[in-house]
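Written out below as structure tokens is the structure these notes cover.
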Amino acid sequence: MKSGFTAEKAKAKFTAMRGTLGALAAALTGMAALTGAVVLGPNGPAGAAEDNRPDPGLPTPTVEMSISRQAEDPGKAVNLTLDDGPDPTWTPKALEILDSFGAKATFCMTGPNAQAHPDLVKKVVAAGHRLCDHSVSHDTAMDKKPVAYQGKEILDAKRMIDEASGGAKLHYYRAPGGAFTPQSRQLAAAHGMRSLGWNVDPGDYRKPGVDTIVTTVKRQLANGPTVLLHDGGGDRTQTMQALEQLLPWFKEQGYTFSFPKA
């Protein structure tokens, strides 16, 4: 008895299905390119979706437009980043903890907080840490706003941080919530700031508990070296306690403290 389903028919069905899937993938890629969207994954803005072609209508980049997540130093390294400060309670505590373990970090500051606490900005720089522009208003929907708005958020914050630091090098720009666009990355790069992503996000800003923060960082380190934490935006007791546990653990595991590639 013949089934009527031959190898030739199976091959033809598979070929047709593959063509349909390919067309769907191309359509989705095209939609992302048209909207300037950056696909967000669990480890920050996904590099595969980045469009790093400069827009001739915007200033020319002086550093790479691509999002940095890797460490400058070779080998087993970790990049600590602290967002939303400086804060008069938590930034000094973070500096104290980092110093006690000989660790370095990148501080992603909002413009108004830097403007309000220039002494803390200068202390961060004097301790050998790096600065990062984290916008003016921490608008996590920046990628849905006009390019002019994005540029104002980035460059007004840069001006505030520059004034507060006394002109120290501003190495990076981190979009709030990872809301990068090709245009915002180009505007930052045109002013010497590499866009800064992350690989490890324990959600410390939600205050999930010290043990959860520590365990999540250790587990997610397999994703890459750049760890997202916070020294501003609320009560950061849990973050500081987690740092006190993580820093000796990093050293015991053979990690060195590096900075993201700029």
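Labels for the structure tokens follow display order: chains A, B, ..., residues from 1 in each chain, ligands from 1.
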Practice item. Tell me which protein, DNA and RNA residues are within 7 Å of stretch 54-59 of chain A, counting only C-alpha atoms, leaving out same-chain ones fewer than 5 positions away, and put them as number ranges by chain. Key: A: 186-187, 190
Exercise for review: Using only C-alpha atoms, determine which residues lie at most 12 Å from A:Ala103, disregarding the query and same-chain residues fewer than 2 positions distant; provide the list as a ChimeraX atom specification.
Suggested key: /A:77-81,94-101,105-106,127-130,243-244,246-248,250-251,255-259
Could you please take those selected residues and save N, CA, C and O atoms as a tab-separated table (two decimals), in the first residue's frame?
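For reference, part_7.tsv as written:
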chain	number	residue	atom	x	y	z
A	77	ALA	N	39.26	38.75	34.11
A	77	ALA	CA	39.05	40.10	34.64
A	77	ALA	C	37.57	40.36	34.83
A	77	ALA	O	36.71	39.74	34.20
A	78	VAL	N	37.27	41.31	35.72
A	78	VAL	CA	35.90	41.72	35.96
A	78	VAL	C	35.85	43.24	35.90
A	78	VAL	O	36.75	43.93	36.38
A	79	ASN	N	34.78	43.77	35.27
A	79	ASN	CA	34.56	45.21	35.19
A	79	ASN	C	33.38	45.57	36.08
A	79	ASN	O	32.24	45.24	35.76
A	80	LEU	N	33.64	46.22	37.18
A	80	LEU	CA	32.56	46.66	38.07
A	80	LEU	C	32.03	48.01	37.60
A	80	LEU	O	32.81	48.93	37.33
A	81	THR	N	30.72	48.15	37.50
A	81	THR	CA	30.11	49.43	37.15
A	81	THR	C	29.02	49.75	38.16
A	81	THR	O	28.26	48.86	38.57
A	94	ALA	N	30.76	52.99	48.78
A	94	ALA	CA	31.31	52.18	47.68
A	94	ALA	C	32.80	52.43	47.52
A	94	ALA	O	33.58	51.49	47.34
A	95	LEU	N	33.21	53.69	47.60
A	95	LEU	CA	34.63	54.02	47.47
A	95	LEU	C	35.45	53.36	48.59
A	95	LEU	O	36.55	52.85	48.36
A	96	GLU	N	34.90	53.36	49.78
A	96	GLU	CA	35.59	52.75	50.92
A	96	GLU	C	35.76	51.24	50.72
A	96	GLU	O	36.84	50.68	50.95
A	97	ILE	N	34.70	50.58	50.27
A	97	ILE	CA	34.76	49.13	50.06
A	97	ILE	C	35.72	48.80	48.93
A	97	ILE	O	36.55	47.88	49.04
A	98	LEU	N	35.63	49.52	47.82
A	98	LEU	CA	36.52	49.27	46.69
A	98	LEU	C	37.98	49.46	47.10
A	98	LEU	O	38.85	48.64	46.76
A	99	ASP	N	38.26	50.52	47.85
A	99	ASP	CA	39.62	50.79	48.28
A	99	ASP	C	40.17	49.69	49.18
A	99	ASP	O	41.34	49.32	49.08
A	100	SER	N	39.31	49.15	50.04
A	100	SER	CA	39.78	48.13	50.98
A	100	SER	C	40.21	46.85	50.29
A	100	SER	O	40.98	46.07	50.85
A	101	PHE	N	39.74	46.64	49.06
A	101	PHE	CA	40.11	45.44	48.32
A	101	PHE	C	40.96	45.76	47.09
A	101	PHE	O	41.22	44.88	46.26
A	105	ALA	N	36.43	50.61	39.64
A	105	ALA	CA	35.08	50.54	39.09
A	105	ALA	C	34.84	51.73	38.17
A	105	ALA	O	35.57	52.72	38.19
A	106	THR	N	33.79	51.62	37.38
A	106	THR	CA	33.32	52.72	36.54
A	106	THR	C	32.01	53.23	37.14
A	106	THR	O	31.08	52.46	37.38
A	127	ALA	N	40.49	58.59	43.19
A	127	ALA	CA	40.73	57.20	43.62
A	127	ALA	C	41.09	56.28	42.46
A	127	ALA	O	41.32	55.08	42.68
A	128	GLY	N	41.13	56.83	41.24
A	128	GLY	CA	41.53	56.02	40.09
A	128	GLY	C	40.42	55.30	39.38
A	128	GLY	O	40.67	54.43	38.54
A	129	HIS	N	39.19	55.65	39.68
A	129	HIS	CA	38.04	55.05	39.01
A	129	HIS	C	37.71	55.85	37.74
A	129	HIS	O	38.27	56.92	37.51
A	130	ARG	N	36.80	55.34	36.93
A	130	ARG	CA	36.43	56.01	35.69
A	130	ARG	C	35.01	56.55	35.77
A	130	ARG	O	34.18	56.07	36.53
A	243	LEU	N	28.77	43.77	47.69
A	243	LEU	CA	30.14	44.09	47.28
A	243	LEU	C	31.16	43.58	48.29
A	243	LEU	O	32.22	43.07	47.92
A	244	GLU	N	30.84	43.71	49.57
A	244	GLU	CA	31.76	43.26	50.61
A	244	GLU	C	31.98	41.76	50.55
A	244	GLU	O	33.03	41.26	50.98
A	246	LEU	N	31.45	39.99	47.46
A	246	LEU	CA	31.91	39.66	46.11
A	246	LEU	C	33.38	39.99	45.89
A	246	LEU	O	34.10	39.22	45.23
A	247	LEU	N	33.84	41.12	46.41
A	247	LEU	CA	35.21	41.54	46.11
A	247	LEU	C	36.25	40.52	46.59
A	247	LEU	O	37.16	40.18	45.82
A	248	PRO	N	36.18	40.02	47.83
A	248	PRO	CA	37.15	38.98	48.21
A	248	PRO	C	36.97	37.70	47.40
A	248	PRO	O	37.95	37.01	47.10
A	250	PHE	N	36.01	37.50	44.22
A	250	PHE	CA	36.67	37.72	42.93
A	250	PHE	C	38.18	37.44	43.06
A	250	PHE	O	38.76	36.77	42.21
A	251	LYS	N	38.78	37.96	44.09
A	251	LYS	CA	40.22	37.80	44.27
A	251	LYS	C	40.58	36.33	44.51
A	251	LYS	O	41.56	35.83	43.96
A	255	TYR	N	40.32	36.60	39.76
A	255	TYR	CA	39.93	37.72	38.90
A	255	TYR	C	40.78	38.94	39.21
A	255	TYR	O	41.14	39.19	40.37
A	256	THR	N	41.07	39.72	38.17
A	256	THR	CA	41.65	41.06	38.37
A	256	THR	C	40.55	42.08	38.07
A	256	THR	O	39.54	41.77	37.42
A	257	PHE	N	40.73	43.29	38.57
A	257	PHE	CA	39.74	44.35	38.38
A	257	PHE	C	40.17	45.22	37.21
A	257	PHE	O	41.23	45.84	37.25
A	258	SER	N	39.33	45.26	36.19
A	258	SER	CA	39.66	45.98	34.97
A	258	SER	C	38.59	47.02	34.68
A	258	SER	O	37.69	47.26	35.49
A	259	PHE	N	38.70	47.65	33.52
A	259	PHE	CA	37.71	48.59	33.02
A	259	PHE	C	37.22	48.08	31.66
A	259	PHE	O	37.96	47.38	30.94
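Counting from atom CA of A:Arg174, the distance to atom CA of A:Asn113 is 15.2 Å.
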**Study point:** Test item, helix (DSSP H, G or I) assignment across stretch 10-243 of chain A, answer as a ChimeraX atom specification
**Key:** /A:10-35,47-49,90-100,111-116,118-126,142-144,147-165,176-178,182-190,204-206,210-223,237-243
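In this structure, atom CA of A:Gly224 sits 10.9 Å away from atom CA of A:Pro260.
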**Study point:** strand (DSSP E or B) residues, from DSSP on the backbone, in stretch 60-100 of chain A, as a PyMOL selection string
**Key:** chain A and resi 68+71+77-85
Closest-contact table, stretch 63-160 of chain A side, partner stretch 191-210 of chain A, 7 Å, counting only C-alpha atoms, as JSON lines:
{"residue": "A:Val63", "atom": "CA", "partner": "A:Gly192", "partner_atom": "CA", "distance": 5.7}
{"residue": "A:Glu64", "atom": "CA", "partner": "A:Arg194", "partner_atom": "CA", "distance": 6.2}
{"residue": "A:Met65", "atom": "CA", "partner": "A:Arg194", "partner_atom": "CA", "distance": 6.4}
{"residue": "A:Ser66", "atom": "CA", "partner": "A:Ser195", "partner_atom": "CA", "distance": 6.6}
{"residue": "A:Ile67", "atom": "CA", "partner": "A:Ser195", "partner_atom": "CA", "distance": 4.8}
{"residue": "A:Ser68", "atom": "CA", "partner": "A:Leu196", "partner_atom": "CA", "distance": 5.0}
{"residue": "A:Arg69", "atom": "CA", "partner": "A:Gly197", "partner_atom": "CA", "distance": 5.5}
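When atom CA of A:Val121 is paired with atom CA of A:Gln245, their separation reads 25.1 Å.
Nearest residue to A:Asn52, choosing from A:His171, A:Arg185, A:His117, A:Lys218 and counting only C-alpha atoms: A:Arg185.
If you count only C-alpha atoms and ignore residues fewer than 4 places along the chain from A:Met160, what sits within 8 Å of it is Gly111, Pro112, Ala114, Gln115, Asp156 and Ala164 of chain A.
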The selected residues should be written to file as a compact mmCIF listing (two decimals), in the first residue's frame (atoms: N, CA and C atoms).
# COMPACT_ATOMS: atom_id res chain seq x y z
N GLY A 111 23.72 63.52 35.24
CA GLY A 111 24.23 64.89 35.26
C GLY A 111 23.83 65.67 36.50
N PRO A 112 22.54 65.67 36.88
CA PRO A 112 22.13 66.43 38.06
C PRO A 112 22.80 65.96 39.35
N ALA A 114 25.77 64.55 39.60
CA ALA A 114 27.16 65.02 39.54
C ALA A 114 27.23 66.51 39.86
N GLN A 115 26.30 67.27 39.32
CA GLN A 115 26.27 68.71 39.55
C GLN A 115 26.03 69.02 41.03
N ASP A 156 24.03 67.37 27.73
CA ASP A 156 23.84 68.18 28.94
C ASP A 156 24.43 67.47 30.15
N ALA A 164 31.70 69.19 37.10
CA ALA A 164 31.85 68.67 38.45
C ALA A 164 33.22 68.02 38.67
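The nearest approach to A:Gln150 among the residues A:Ser184, A:Asp83, A:Ala179, A:Val125, with only C-alpha atoms taken into account, belongs to A:Ser184.
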Point to revise | 9 Å contact set for A:Lys158, only C-alpha atoms, chain neighbours under 2 positions out, as a PyMOL selection string | key: chain A and resi 110-111+132-136+153-156+160-163+170+173
